[in-house]
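*Asks:* Take a look at query-v8.pdb, PDB, C-alpha atoms and all ligand atoms:
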ATOM      1  CA  MET R  27      92.256  81.134  92.014
ATOM      2  CA  ARG R  28      94.934  79.303  93.905
ATOM      3  CA  PRO R  29      97.926  81.688  93.989
ATOM      4  CA  SER R  30     101.323  80.570  92.680
ATOM      5  CA  PHE R  31     103.228  82.524  95.321
ATOM      6  CA  HIS R  32     102.500  83.345  98.935
ATOM      7  CA  PRO R  33     104.164  86.634  99.955
ATOM      8  CA  ARG R  34     104.651  87.363 103.644
ATOM      9  CA  LEU R  35     106.252  90.202 105.601
ATOM     10  CA  ILE R  36     109.357  88.854 107.318
ATOM     11  CA  ASN R  37     109.046  90.863 110.540
ATOM     12  CA  ASP R  38     106.340  92.549 112.581
ATOM     13  CA  PRO R  39     105.541  96.076 111.341
ATOM     14  CA  PHE R  40     107.775  97.794 113.933
ATOM     15  CA  ASN R  41     110.839  95.888 112.742
ATOM     16  CA  ASP R  42     112.848  95.921 109.525
ATOM     17  CA  PRO R  43     110.769  95.824 106.347
ATOM     18  CA  GLY R  44     111.051  92.910 103.919
ATOM     19  CA  LEU R  45     108.862  90.554 101.934
ATOM     20  CA  PHE R  46     109.563  86.838 101.520
ATOM     21  CA  ILE R  47     107.857  85.319  98.468
ATOM     22  CA  PRO R  48     107.987  81.522  98.272
ATOM     23  CA  PHE R  49     106.623  79.772  95.172
ATOM     24  CA  VAL R  50     104.000  77.112  95.757
ATOM     25  CA  PHE R  51     105.235  73.566  95.004
ATOM     26  CA  GLN R  52     108.701  74.832  94.113
ATOM     27  CA  ASN R  53     111.784  74.920  96.251
ATOM     28  CA  ARG R  54     112.267  78.531  95.394
ATOM     29  CA  ALA R  55     111.610  82.080  96.653
ATOM     30  CA  LEU R  56     112.232  85.750  95.949
ATOM     31  CA  ILE R  57     112.926  88.394  98.579
ATOM     32  CA  PHE R  58     112.114  92.120  98.463
ATOM     33  CA  ASP R  59     114.503  93.961 100.843
ATOM     34  CA  THR R  60     117.148  92.366 102.999
ATOM     35  CA  GLY R  61     116.936  94.087 106.382
ATOM     36  CA  TYR R  62     117.042  91.941 109.520
ATOM     37  CA  ILE R  63     116.099  88.521 108.096
ATOM     38  CA  ASN R  64     117.236  86.182 110.873
ATOM     39  CA  GLY R  65     113.597  85.224 111.442
ATOM     40  CA  LEU R  66     113.762  83.213 108.208
ATOM     41  CA  SER R  67     115.024  79.649 108.555
ATOM     42  CA  ALA R  68     118.205  78.639 106.714
ATOM     43  CA  LYS R  69     115.997  76.324 104.650
ATOM     44  CA  ASP R  70     113.884  79.287 103.517
ATOM     45  CA  ILE R  71     116.924  81.485 102.872
ATOM     46  CA  LEU R  72     118.427  78.795 100.643
ATOM     47  CA  LYS R  73     115.290  78.909  98.488
ATOM     48  CA  ILE R  74     116.053  82.524  97.516
ATOM     49  CA  SER R  75     117.219  82.838  93.904
ATOM     50  CA  HIS R  76     116.693  86.605  93.448
ATOM     51  CA  ALA R  77     116.942  89.396  96.032
ATOM     52  CA  PHE R  78     115.607  92.870  95.246
ATOM     53  CA  VAL R  79     116.749  95.747  97.455
ATOM     54  CA  THR R  80     114.740  99.000  97.390
ATOM     55  CA  HIS R  81     117.683 101.070  98.693
ATOM     56  CA  ALA R  82     120.724 100.543 100.850
ATOM     57  CA  HIS R  83     119.612 102.167 104.123
ATOM     58  CA  MET R  84     120.664  99.774 106.901
ATOM     59  CA  ASP R  85     117.156  98.575 107.735
ATOM     60  CA  HIS R  86     116.824  97.307 104.130
ATOM     61  CA  PHE R  87     120.301  95.936 103.520
ATOM     62  CA  ILE R  88     121.889  94.732 106.758
ATOM     63  CA  GLY R  89     120.615  91.196 106.042
ATOM     64  CA  PHE R  90     122.867  90.914 102.983
ATOM     65  CA  ASP R  91     125.601  89.588 105.292
ATOM     66  CA  HIS R  92     123.259  86.925 106.690
ATOM     67  CA  LEU R  93     122.182  85.867 103.190
ATOM     68  CA  LEU R  94     125.802  85.557 102.174
ATOM     69  CA  ARG R  95     126.711  83.689 105.364
ATOM     70  CA  ILE R  96     124.034  81.046 104.784
ATOM     71  CA  MET R  97     124.732  80.677 101.059
ATOM     72  CA  LEU R  98     128.530  80.625 101.218
ATOM     73  CA  GLY R  99     130.005  77.296 100.120
ATOM     74  CA  ARG R 100     126.928  76.368  98.069
ATOM     75  CA  GLU R 101     126.716  75.655  94.367
ATOM     76  CA  LYS R 102     124.398  78.546  93.747
ATOM     77  CA  THR R 103     123.937  81.800  91.879
ATOM     78  CA  LEU R 104     122.228  84.583  93.791
ATOM     79  CA  SER R 105     120.970  87.499  91.708
ATOM     80  CA  LEU R 106     120.743  90.854  93.471
ATOM     81  CA  PHE R 107     119.080  94.036  92.268
ATOM     82  CA  GLY R 108     119.151  97.567  93.647
ATOM     83  CA  PRO R 109     119.090 101.285  92.832
ATOM     84  CA  THR R 110     121.859 103.770  91.944
ATOM     85  CA  ASP R 111     125.168 102.995  93.711
ATOM     86  CA  PHE R 112     124.091  99.420  94.454
ATOM     87  CA  LEU R 113     127.214  97.860  92.892
ATOM     88  CA  LYS R 114     129.351 100.132  95.067
ATOM     89  CA  ASN R 115     127.295  99.087  98.133
ATOM     90  CA  VAL R 116     127.685  95.363  97.338
ATOM     91  CA  GLU R 117     131.412  95.738  96.684
ATOM     92  CA  ALA R 118     131.887  97.654  99.941
ATOM     93  CA  LYS R 119     130.116  94.855 101.850
ATOM     94  CA  LEU R 120     132.235  92.177 100.156
ATOM     95  CA  SER R 121     135.457  94.040 100.824
ATOM     96  CA  GLY R 122     134.651  94.093 104.538
ATOM     97  CA  TYR R 123     135.680  90.424 104.930
ATOM     98  CA  THR R 124     138.804  88.353 104.321
ATOM     99  CA  TRP R 125     138.376  85.806 101.518
ATOM    100  CA  ASN R 126     141.834  84.208 101.348
ATOM    101  CA  LEU R 127     140.381  80.673 101.587
ATOM    102  CA  ALA R 128     137.258  81.280  99.518
ATOM    103  CA  ASP R 129     138.779  79.907  96.307
ATOM    104  CA  LYS R 130     139.189  76.518  98.044
ATOM    105  CA  TYR R 131     135.473  75.871  98.527
ATOM    106  CA  ASN R 132     134.168  72.886  96.564
ATOM    107  CA  TYR R 133     130.867  74.560  95.849
ATOM    108  CA  PRO R 134     131.404  78.096  94.621
ATOM    109  CA  LEU R 135     128.744  80.716  95.178
ATOM    110  CA  CYS R 136     128.286  83.333  92.470
ATOM    111  CA  LEU R 137     126.667  86.733  93.011
ATOM    112  CA  GLN R 138     125.217  88.649  90.087
ATOM    113  CA  ALA R 139     124.374  92.212  91.058
ATOM    114  CA  THR R 140     122.346  94.618  88.915
ATOM    115  CA  GLU R 141     122.034  98.333  89.538
ATOM    116  CA  VAL R 142     119.272 100.507  88.061
ATOM    117  CA  GLN R 143     120.445 103.933  86.931
ATOM    118  CA  GLY R 144     117.863 105.909  84.995
ATOM    119  CA  ASP R 145     117.208 104.188  81.669
ATOM    120  CA  PHE R 146     120.015 101.681  82.080
ATOM    121  CA  THR R 147     121.049  98.774  84.249
ATOM    122  CA  TYR R 148     124.622  97.790  85.116
ATOM    123  CA  CYS R 149     125.319  94.163  85.950
ATOM    124  CA  ARG R 150     128.461  92.713  87.498
ATOM    125  CA  GLU R 151     129.490  89.266  88.723
ATOM    126  CA  TYR R 152     131.290  88.394  91.942
ATOM    127  CA  ARG R 153     132.497  84.803  92.272
ATOM    128  CA  CYS R 154     133.541  83.084  95.439
ATOM    129  CA  ARG R 155     136.355  81.329  93.540
ATOM    130  CA  ASP R 156     137.738  84.766  92.577
ATOM    131  CA  ARG R 157     137.482  85.814  96.237
ATOM    132  CA  PHE R 158     134.568  87.993  95.167
ATOM    133  CA  LYS R 159     136.865  90.290  93.145
ATOM    134  CA  PRO R 160     134.940  91.258  89.983
ATOM    135  CA  GLN R 161     136.776  90.106  86.847
ATOM    136  CA  GLN R 162     134.988  92.320  84.356
ATOM    137  CA  ASP R 163     133.585  95.815  84.019
ATOM    138  CA  PRO R 164     129.825  96.170  84.619
ATOM    139  CA  VAL R 165     127.670  95.247  81.613
ATOM    140  CA  LYS R 166     125.357  98.109  80.600
ATOM    141  CA  LYS R 167     121.885  97.386  79.196
ATOM    142  CA  PRO R 168     118.843  99.538  78.439
ATOM    143  CA  PHE R 169     116.193  99.395  81.185
ATOM    144  CA  ASP R 170     112.518  99.449  80.201
ATOM    145  CA  GLY R 171     111.029  98.920  83.668
ATOM    146  CA  VAL R 172     111.343  95.122  83.749
ATOM    147  CA  LEU R 173     114.204  94.129  86.026
ATOM    148  CA  TYR R 174     113.918  90.388  85.612
ATOM    149  CA  SER R 175     111.657  88.047  83.681
ATOM    150  CA  GLU R 176     111.057  84.357  83.043
ATOM    151  CA  PRO R 177     108.298  82.677  81.028
ATOM    152  CA  ALA R 178     106.008  82.461  84.084
ATOM    153  CA  PHE R 179     106.510  85.889  85.709
ATOM    154  CA  ARG R 180     108.381  89.162  85.728
ATOM    155  CA  VAL R 181     109.627  91.645  88.328
ATOM    156  CA  SER R 182     109.338  95.345  87.459
ATOM    157  CA  ALA R 183     110.830  98.343  89.223
ATOM    158  CA  VAL R 184     110.172 102.057  89.319
ATOM    159  CA  THR R 185     112.567 104.616  90.787
ATOM    160  CA  LEU R 186     110.921 106.679  93.543
ATOM    161  CA  ASP R 187     112.165 109.563  95.677
ATOM    162  CA  HIS R 188     113.310 108.921  99.268
ATOM    163  CA  ARG R 189     115.918 111.697  99.160
ATOM    164  CA  VAL R 190     117.872 108.895  97.507
ATOM    165  CA  PRO R 191     116.598 106.813  94.573
ATOM    166  CA  CYS R 192     114.483 103.996  96.021
ATOM    167  CA  LEU R 193     112.929 101.168  93.980
ATOM    168  CA  GLY R 194     109.227 100.286  94.031
ATOM    169  CA  LEU R 195     108.904  96.601  93.134
ATOM    170  CA  SER R 196     106.201  94.518  91.515
ATOM    171  CA  LEU R 197     105.898  90.794  90.789
ATOM    172  CA  LYS R 198     103.454  89.809  88.059
ATOM    173  CA  GLU R 199     102.559  86.312  86.977
ATOM    174  CA  ARG R 200     102.015  86.190  83.164
ATOM    175  CA  PHE R 201      98.780  84.279  83.516
ATOM    176  CA  HIS R 202      97.483  81.741  85.954
ATOM    177  CA  VAL R 203      96.895  78.086  85.096
ATOM    178  CA  ASN R 204      94.114  76.564  87.179
ATOM    179  CA  ILE R 205      93.915  72.777  87.069
ATOM    180  CA  ILE R 206      90.402  71.335  87.087
ATOM    181  CA  LYS R 207      90.557  68.356  89.449
ATOM    182  CA  GLU R 208      87.362  66.708  88.171
ATOM    183  CA  GLU R 209      88.780  66.656  84.643
ATOM    184  CA  LEU R 210      91.979  65.024  85.885
ATOM    185  CA  LYS R 211      89.861  62.318  87.464
ATOM    186  CA  ARG R 212      87.785  61.860  84.333
ATOM    187  CA  LEU R 213      90.964  61.296  82.312
ATOM    188  CA  ASP R 214      92.267  58.978  85.044
ATOM    189  CA  LEU R 215      95.325  61.215  85.690
ATOM    190  CA  GLU R 216      97.021  61.534  89.074
ATOM    191  CA  PRO R 217      98.405  64.961  90.142
ATOM    192  CA  GLY R 218     102.221  64.991  90.353
ATOM    193  CA  PRO R 219     105.353  66.836  89.265
ATOM    194  CA  TRP R 220     104.215  66.480  85.637
ATOM    195  CA  LEU R 221     101.678  69.256  86.331
ATOM    196  CA  SER R 222     104.469  71.737  86.923
ATOM    197  CA  GLU R 223     106.080  70.591  83.597
ATOM    198  CA  PHE R 224     102.706  71.038  81.956
ATOM    199  CA  LYS R 225     102.341  74.624  83.256
ATOM    200  CA  GLN R 226     105.901  75.484  82.196
ATOM    201  CA  ALA R 227     105.102  74.209  78.688
ATOM    202  CA  LEU R 228     102.139  76.622  78.572
ATOM    203  CA  TYR R 229     104.244  79.543  79.858
ATOM    204  CA  ARG R 230     106.941  78.778  77.280
ATOM    205  CA  ARG R 231     104.249  78.942  74.588
ATOM    206  CA  THR R 232     105.149  75.445  73.400
ATOM    207  CA  ASP R 233     103.400  74.476  70.138
ATOM    208  CA  PRO R 234      99.898  73.259  71.096
ATOM    209  CA  ALA R 235     100.301  70.399  68.599
ATOM    210  CA  ALA R 236     103.405  69.126  70.444
ATOM    211  CA  VAL R 237     103.197  65.792  72.254
ATOM    212  CA  PHE R 238     103.052  66.075  76.046
ATOM    213  CA  GLU R 239     103.807  63.021  78.120
ATOM    214  CA  VAL R 240     102.173  62.469  81.510
ATOM    215  CA  ASN R 241     104.420  60.173  83.513
ATOM    216  CA  TYR R 242     104.934  59.267  87.156
ATOM    217  CA  ALA R 243     108.120  58.539  89.087
ATOM    218  CA  ASP R 244     106.575  55.610  90.965
ATOM    219  CA  ARG R 245     104.385  54.097  88.227
ATOM    220  CA  PRO R 246     105.329  52.470  84.941
ATOM    221  CA  ASP R 247     102.278  53.696  82.991
ATOM    222  CA  LYS R 248     102.453  56.916  81.005
ATOM    223  CA  LYS R 249     100.054  58.672  78.693
ATOM    224  CA  GLU R 250     100.586  60.907  75.710
ATOM    225  CA  PHE R 251      98.457  63.915  74.774
ATOM    226  CA  GLU R 252      98.534  66.770  72.341
ATOM    227  CA  LEU R 253      99.493  69.714  74.626
ATOM    228  CA  GLY R 254      96.724  72.040  73.381
ATOM    229  CA  ASN R 255      94.126  69.301  73.634
ATOM    230  CA  LEU R 256      95.128  68.432  77.205
ATOM    231  CA  ALA R 257      95.134  72.136  78.168
ATOM    232  CA  GLY R 258      91.620  72.495  76.732
ATOM    233  CA  GLN R 259      90.438  69.690  78.982
ATOM    234  CA  ILE R 260      92.198  70.138  82.334
ATOM    235  CA  ALA R 261      93.252  73.829  82.507
ATOM    236  CA  ARG R 262      91.456  77.094  82.934
ATOM    237  CA  ILE R 263      93.561  80.204  82.229
ATOM    238  CA  THR R 264      92.899  83.299  84.355
ATOM    239  CA  PRO R 265      94.800  86.618  84.764
ATOM    240  CA  GLY R 266      98.046  86.307  86.737
ATOM    241  CA  GLN R 267      98.585  87.503  90.289
ATOM    242  CA  LYS R 268     100.244  90.916  90.879
ATOM    243  CA  ILE R 269     102.093  91.749  94.108
ATOM    244  CA  THR R 270     103.487  95.260  94.647
ATOM    245  CA  TYR R 271     105.870  96.477  97.346
ATOM    246  CA  ILE R 272     106.307 100.204  98.061
ATOM    247  CA  THR R 273     108.404 101.454 100.951
ATOM    248  CA  ASP R 274     110.439 104.484 102.012
ATOM    249  CA  VAL R 275     108.915 107.152  99.794
ATOM    250  CA  VAL R 276     107.987 110.778 100.343
ATOM    251  CA  TYR R 277     104.410 111.806  99.535
ATOM    252  CA  SER R 278     105.044 114.123  96.572
ATOM    253  CA  ASP R 279     103.034 114.579  93.380
ATOM    254  CA  ALA R 280     105.732 112.834  91.360
ATOM    255  CA  ASN R 281     105.906 109.814  93.704
ATOM    256  CA  ARG R 282     102.138 109.656  94.019
ATOM    257  CA  ASN R 283     101.581 109.499  90.243
ATOM    258  CA  LYS R 284     104.318 106.949  89.739
ATOM    259  CA  ILE R 285     102.993 104.735  92.569
ATOM    260  CA  LEU R 286      99.387 104.875  91.332
ATOM    261  CA  ASN R 287     100.465 103.750  87.836
ATOM    262  CA  PHE R 288     102.950 101.192  89.018
ATOM    263  CA  ALA R 289     100.688  99.532  91.603
ATOM    264  CA  ARG R 290      97.562  99.638  89.392
ATOM    265  CA  ASP R 291      95.301  96.590  89.884
ATOM    266  CA  SER R 292      97.586  94.821  92.350
ATOM    267  CA  ASP R 293      96.056  91.784  94.017
ATOM    268  CA  HIS R 294      98.078  92.645  97.101
ATOM    269  CA  LEU R 295      99.889  95.934  97.750
ATOM    270  CA  PHE R 296     102.430  96.036 100.579
ATOM    271  CA  ILE R 297     102.974  99.687 101.444
ATOM    272  CA  GLU R 298     104.821 101.459 104.238
ATOM    273  CA  ALA R 299     102.919 103.588 106.755
ATOM    274  CA  ALA R 300     105.612 104.973 109.012
ATOM    275  CA  PHE R 301     103.589 107.781 110.652
ATOM    276  CA  LEU R 302     100.095 108.819 111.655
ATOM    277  CA  ASP R 303      98.612 111.627 109.595
ATOM    278  CA  LYS R 304      98.712 114.010 112.574
ATOM    279  CA  ASN R 305     102.513 113.806 112.153
ATOM    280  CA  ARG R 306     102.336 114.382 108.397
ATOM    281  CA  ASP R 307     104.970 117.148 108.454
ATOM    282  CA  LEU R 308     107.412 114.899 110.224
ATOM    283  CA  ALA R 309     106.671 112.111 107.706
ATOM    284  CA  GLY R 310     107.515 114.551 104.897
ATOM    285  CA  LYS R 311     110.765 115.566 106.560
ATOM    286  CA  LYS R 312     111.753 111.910 106.954
ATOM    287  CA  TYR R 313     110.695 111.065 103.363
ATOM    288  CA  HIS R 314     108.096 108.520 104.544
ATOM    289  CA  LEU R 315     104.317 108.030 104.158
ATOM    290  CA  THR R 316     101.559 108.317 106.721
ATOM    291  CA  ALA R 317      98.989 105.548 107.208
ATOM    292  CA  ARG R 318      96.332 107.764 105.651
ATOM    293  CA  GLN R 319      98.476 108.360 102.558
ATOM    294  CA  ALA R 320      99.163 104.606 102.301
ATOM    295  CA  GLY R 321      95.435 103.758 102.433
ATOM    296  CA  GLU R 322      94.636 106.452  99.889
ATOM    297  CA  LEU R 323      97.320 105.201  97.495
ATOM    298  CA  ALA R 324      96.079 101.602  97.878
ATOM    299  CA  ALA R 325      92.525 102.687  97.015
ATOM    300  CA  GLY R 326      93.666 104.969  94.154
ATOM    301  CA  ALA R 327      95.668 102.141  92.578
ATOM    302  CA  GLY R 328      92.667  99.807  92.821
ATOM    303  CA  ALA R 329      94.594  97.303  94.962
ATOM    304  CA  ARG R 330      92.291  94.448  95.955
ATOM    305  CA  ARG R 331      94.088  94.027  99.244
ATOM    306  CA  PHE R 332      96.791  95.963 101.068
ATOM    307  CA  SER R 333      99.085  95.563 104.066
ATOM    308  CA  ILE R 334     100.956  98.307 105.893
ATOM    309  CA  PHE R 335     104.342  98.000 107.653
ATOM    310  CA  HIS R 336     107.517  99.922 108.668
ATOM    311  CA  PHE R 337     105.865 101.693 111.642
ATOM    312  CA  SER R 338     107.852 104.319 113.532
ATOM    313  CA  PRO R 339     108.754 103.141 117.076
ATOM    314  CA  ARG R 340     107.017 106.284 118.432
ATOM    315  CA  TYR R 341     103.715 104.376 117.960
ATOM    316  CA  THR R 342     104.684 101.325 120.003
ATOM    317  CA  ASP R 343     101.483  99.803 121.427
ATOM    318  CA  GLN R 344      99.403 102.093 119.182
ATOM    319  CA  GLU R 345      99.541 100.027 116.001
ATOM    320  CA  SER R 346      95.748  99.778 115.958
ATOM    321  CA  LEU R 347      95.634 103.552 115.236
ATOM    322  CA  LEU R 348      97.828 103.083 112.170
ATOM    323  CA  PHE R 349      95.733 100.164 110.878
ATOM    324  CA  LYS R 350      92.488 102.076 111.472
ATOM    325  CA  GLU R 351      93.720 105.233 109.780
ATOM    326  CA  ALA R 352      94.915 103.311 106.693
ATOM    327  CA  ASN R 353      91.688 101.279 106.450
ATOM    328  CA  ASP R 354      89.483 104.352 106.838
ATOM    329  CA  ALA R 355      91.372 106.127 104.047
ATOM    330  CA  TYR R 356      91.135 103.015 101.831
ATOM    331  CA  ASN R 357      87.365 102.885 102.340
ATOM    332  CA  ASP R 358      86.950 106.660 101.849
ATOM    333  CA  PHE R 359      88.841 106.659  98.549
ATOM    334  CA  SER R 360      87.682 103.290  97.120
TER
HETATM  335 ZN    ZN T   1     113.378 102.072 105.919
HETATM  336 ZN    ZN T   2     115.096 104.434 103.916
END
Translate this structure into structure tokens?
Ligand SMILES: [Zn+2]
Ligand SMILES: [Zn+2]
*Replies:*
Amino acid sequence: MRPSFHPRLINDPFNDPGLFIPFVFQNRALIFDTGYINGLSAKDILKISHAFVTHAHMDHFIGFDHLLRIMLGREKTLSLFGPTDFLKNVEAKLSGYTWNLADKYNYPLCLQATEVQGDFTYCREYRCRDRFKPQQDPVKKPFDGVLYSEPAFRVSAVTLDHRVPCLGLSLKERFHVNIIKEELKRLDLEPGPWLSEFKQALYRRTDPAAVFEVNYADRPDKKEFELGNLAGQIARITPGQKITYITDVVYSDANRNKILNFARDSDHLFIEAAFLDKNRDLAGKKYHLTARQAGELAAGAGARRFSIFHFSPRYTDQESLLFKEANDAYNDFS
């Protein structure tokens, strides 16, 4: 399977946590956590359409200012998501600057922030042209675990305990459309942007009897197919990719059970491992995991692959111990 998104940790494991998730063949990305993100190019930052923040500790949220700085003056809507008190956190950030000229920008940025609070979400809009002063009360909606969804994928969240509510995040593709190159050739079709249209039509559950047109920007010829017929010939449908991101959580029974359910069958689990297991008591006091606990959780959830990050600086130059401990636990419990 050729994945539709390529997640990567933004920093090395001793620096601020964060996952950048660009979409293949699309000028678009998601971000999980916005700590120090200056390692991302402006081009990459401008691809971000949705930012998900696990909690507002500085190492997960200080990059909000940088995001805003790069996006200011653009015709763009940035959607932000976070846990309890997130709207207050966003508003406090916005009120830290002077916006007297912001209504003059030709290209107004709009922020849409959503806060998870128990079984509800609260969403509020902040527009550059209103100098980021919200014009309406937050809109309350029931929350069933799915924070955001589109035909092709969805992002779910679970509230975990880090002495403050902290979101675990998961991105799941609905299904994966594999294109069979040999069949394209046989039908004398060239790959191109039409393939992305074709996949979107499948995700939108368009009527299989509908006409689908294959056309090219640089060629006059076009061909018409019945969508279902074309799919039967050139596409193979396989289960979608699942990426899960768990950070800043205490190892308690409640967290453990929630994480195992939430991360079940992930293709790739990104999970914090702040401490070595010999410092387990300290990890508990700081509401973080040890590398051993991270490896055990990855194995228990049946994650096919896992990556650890968010190492405590006390292990500088000893990262190999953290990797070894997590891998040993993963192998022991798999
Ligand atoms: Zn942290
Ligand atoms: Zn934290």
*Asks:* Counting all atoms listed in the file, figure out which residue out of R:Phe51, R:Tyr313, R:Phe332, R:Phe146 gets nearest to Asp291 in chain R.
*Replies:*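 Of the candidates, the smallest distance to Asp291 in chain R is held by R:Phe332.
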*Asks:* If I put a ball of radius 6 Å at (107.6, 93.4, 94.1) in the file's coordinates, which residues poke into it when counting all atoms listed in the file, written as an MDAnalysis selection string?
*Replies:* chainID R and resid 195:197 269:271
*Asks:* By how many Å are CA of Met84 in chain R and CA of Phe179 in chain R apart?
*Replies:*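 Straight-line distance from CA of Met84 in chain R to CA of Phe179 in chain R works out to 29.0 Å.
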*Asks:* Which residues are near Ala261 in chain R? Cut-off 12 Å, all atoms listed in the file, ignore same chain within fewer than 3 positions. Put them as a CSV table (one decimal) with C-alpha atoms, keeping the file's coordinate frame.
*Replies:*
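Generated output (out.csv):
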chain,number,residue,atom,x,y,z
R,201,PHE,CA,98.8,84.3,83.5
R,202,HIS,CA,97.5,81.7,86.0
R,203,VAL,CA,96.9,78.1,85.1
R,204,ASN,CA,94.1,76.6,87.2
R,205,ILE,CA,93.9,72.8,87.1
R,206,ILE,CA,90.4,71.3,87.1
R,207,LYS,CA,90.6,68.4,89.4
R,208,GLU,CA,87.4,66.7,88.2
R,209,GLU,CA,88.8,66.7,84.6
R,210,LEU,CA,92.0,65.0,85.9
R,221,LEU,CA,101.7,69.3,86.3
R,224,PHE,CA,102.7,71.0,82.0
R,225,LYS,CA,102.3,74.6,83.3
R,228,LEU,CA,102.1,76.6,78.6
R,253,LEU,CA,99.5,69.7,74.6
R,254,GLY,CA,96.7,72.0,73.4
R,255,ASN,CA,94.1,69.3,73.6
R,256,LEU,CA,95.1,68.4,77.2
R,257,ALA,CA,95.1,72.1,78.2
R,258,GLY,CA,91.6,72.5,76.7
R,264,THR,CA,92.9,83.3,84.4
*Asks:* So, counting only C-alpha atoms and all ligand atoms, which residue among R:Phe87, R:Phe158, R:Phe31, R:Phe335 is closest to ligand ZN 2 (chain T)?
*Replies:*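 Once distances to ligand ZN 2 (chain T) are computed over only C-alpha atoms and all ligand atoms, the minimum belongs to R:Phe87.
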*Asks:* Apply the PyMOL selection byres (((chain R and resi 101) around 9) and not hetatm) to the structure shown and report the selected residues as a ChimeraX atom specification.
*Replies:* /R:97-100,102-103,132-136
*Asks:* Can you turn the PyMOL selection byres (((chain R and resi 172) around 9) and not hetatm) into a concrete residue list for this file, as a list in words?
*Replies:* Phe169, Asp170, Gly171, Leu173, Tyr174, Ser175, Arg180, Val181, Ser182, Ala183 and Val184 of chain R
*Asks:* Pick from R:Ala118, R:Ile57, R:Leu348, R:Val79: nearest to ligand ZN 1 (chain T), with all atoms listed in the file counted?
*Replies:*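 Checking each of R:Ala118, R:Ile57, R:Leu348, R:Val79 against ligand ZN 1 (chain T), counting all atoms listed in the file, the winner is R:Val79.
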*Asks:* Between R:Gln143, R:Thr110, R:Ser222, R:Ser338, single out the one closest to ligand ZN 1 (chain T), counting only C-alpha atoms and all ligand atoms.
*Replies:*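 Residue with the minimum atom-to-atom distance to ligand ZN 1 (chain T): R:Ser338.
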*Asks:* Need the shell around Val237 in chain R: protein/DNA/RNA residues with any atom at most 9 Å away, counting only C-alpha atoms. Skip same-chain ones fewer than 2 positions apart. Format as a ChimeraX atom specification?
*Replies:* /R:233-235,239,250-253
*Asks:* Evaluate the PyMOL selection byres (((not hetatm)) within 8 of (chain T and resi 1)) here and jot the selected residues down as a count of residues only.
*Replies:* 9
*Asks:* At what distance in Å, to one decimal, does CA of Ser292 in chain R lie from CA of Gln319 in chain R?
*Replies:*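 Between CA of Gln319 in chain R and CA of Ser292 in chain R the gap works out to 17.0 Å.
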*Asks:* Could you pull the residues within 9 Å of Leu193 in chain R, counting all atoms listed in the file, minus those fewer than 6 positions along the same chain, as a count of residues only?
*Replies:* 14
*Asks:* With distances taken over all atoms listed in the file, which of R:Gln226, R:Asp303, R:Arg157, R:Val275 is nearest to ligand ZN 2 (chain T)?
*Replies:*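 The answer is R:Val275, which sits nearest to ligand ZN 2 (chain T).
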*Asks:* How many Å separate CA of Lys198 in chain R from CA of Tyr229 in chain R?
*Replies:* 13.2 Å
*Asks:* So, counting only C-alpha atoms, which residue among R:Ser346, R:Leu45, R:Gly326, R:Asn37 is closest to Phe296 in chain R?
*Replies:*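 Closest to Phe296 in chain R, using only C-alpha atoms: R:Leu45.
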*Asks:* At a cut-off of 10 Å, using only C-alpha atoms, what residues contact Lys249 in chain R? Leave out same-chain residues fewer than 3 positions from it and give the result as a PyMOL selection string.
*Replies:* chain R and resi 215+238-242
*Asks:* Report, as JSON, the axis-aligned box around all atoms of range 342-346 of chain R present in the file, extended by 3 Å on each side; give centre and edge lengths in Å to one decimal place.
*Replies:*
{"center_x": 100.2, "center_y": 100.9, "center_z": 118.7, "size_x": 14.9, "size_y": 8.3, "size_z": 11.5}
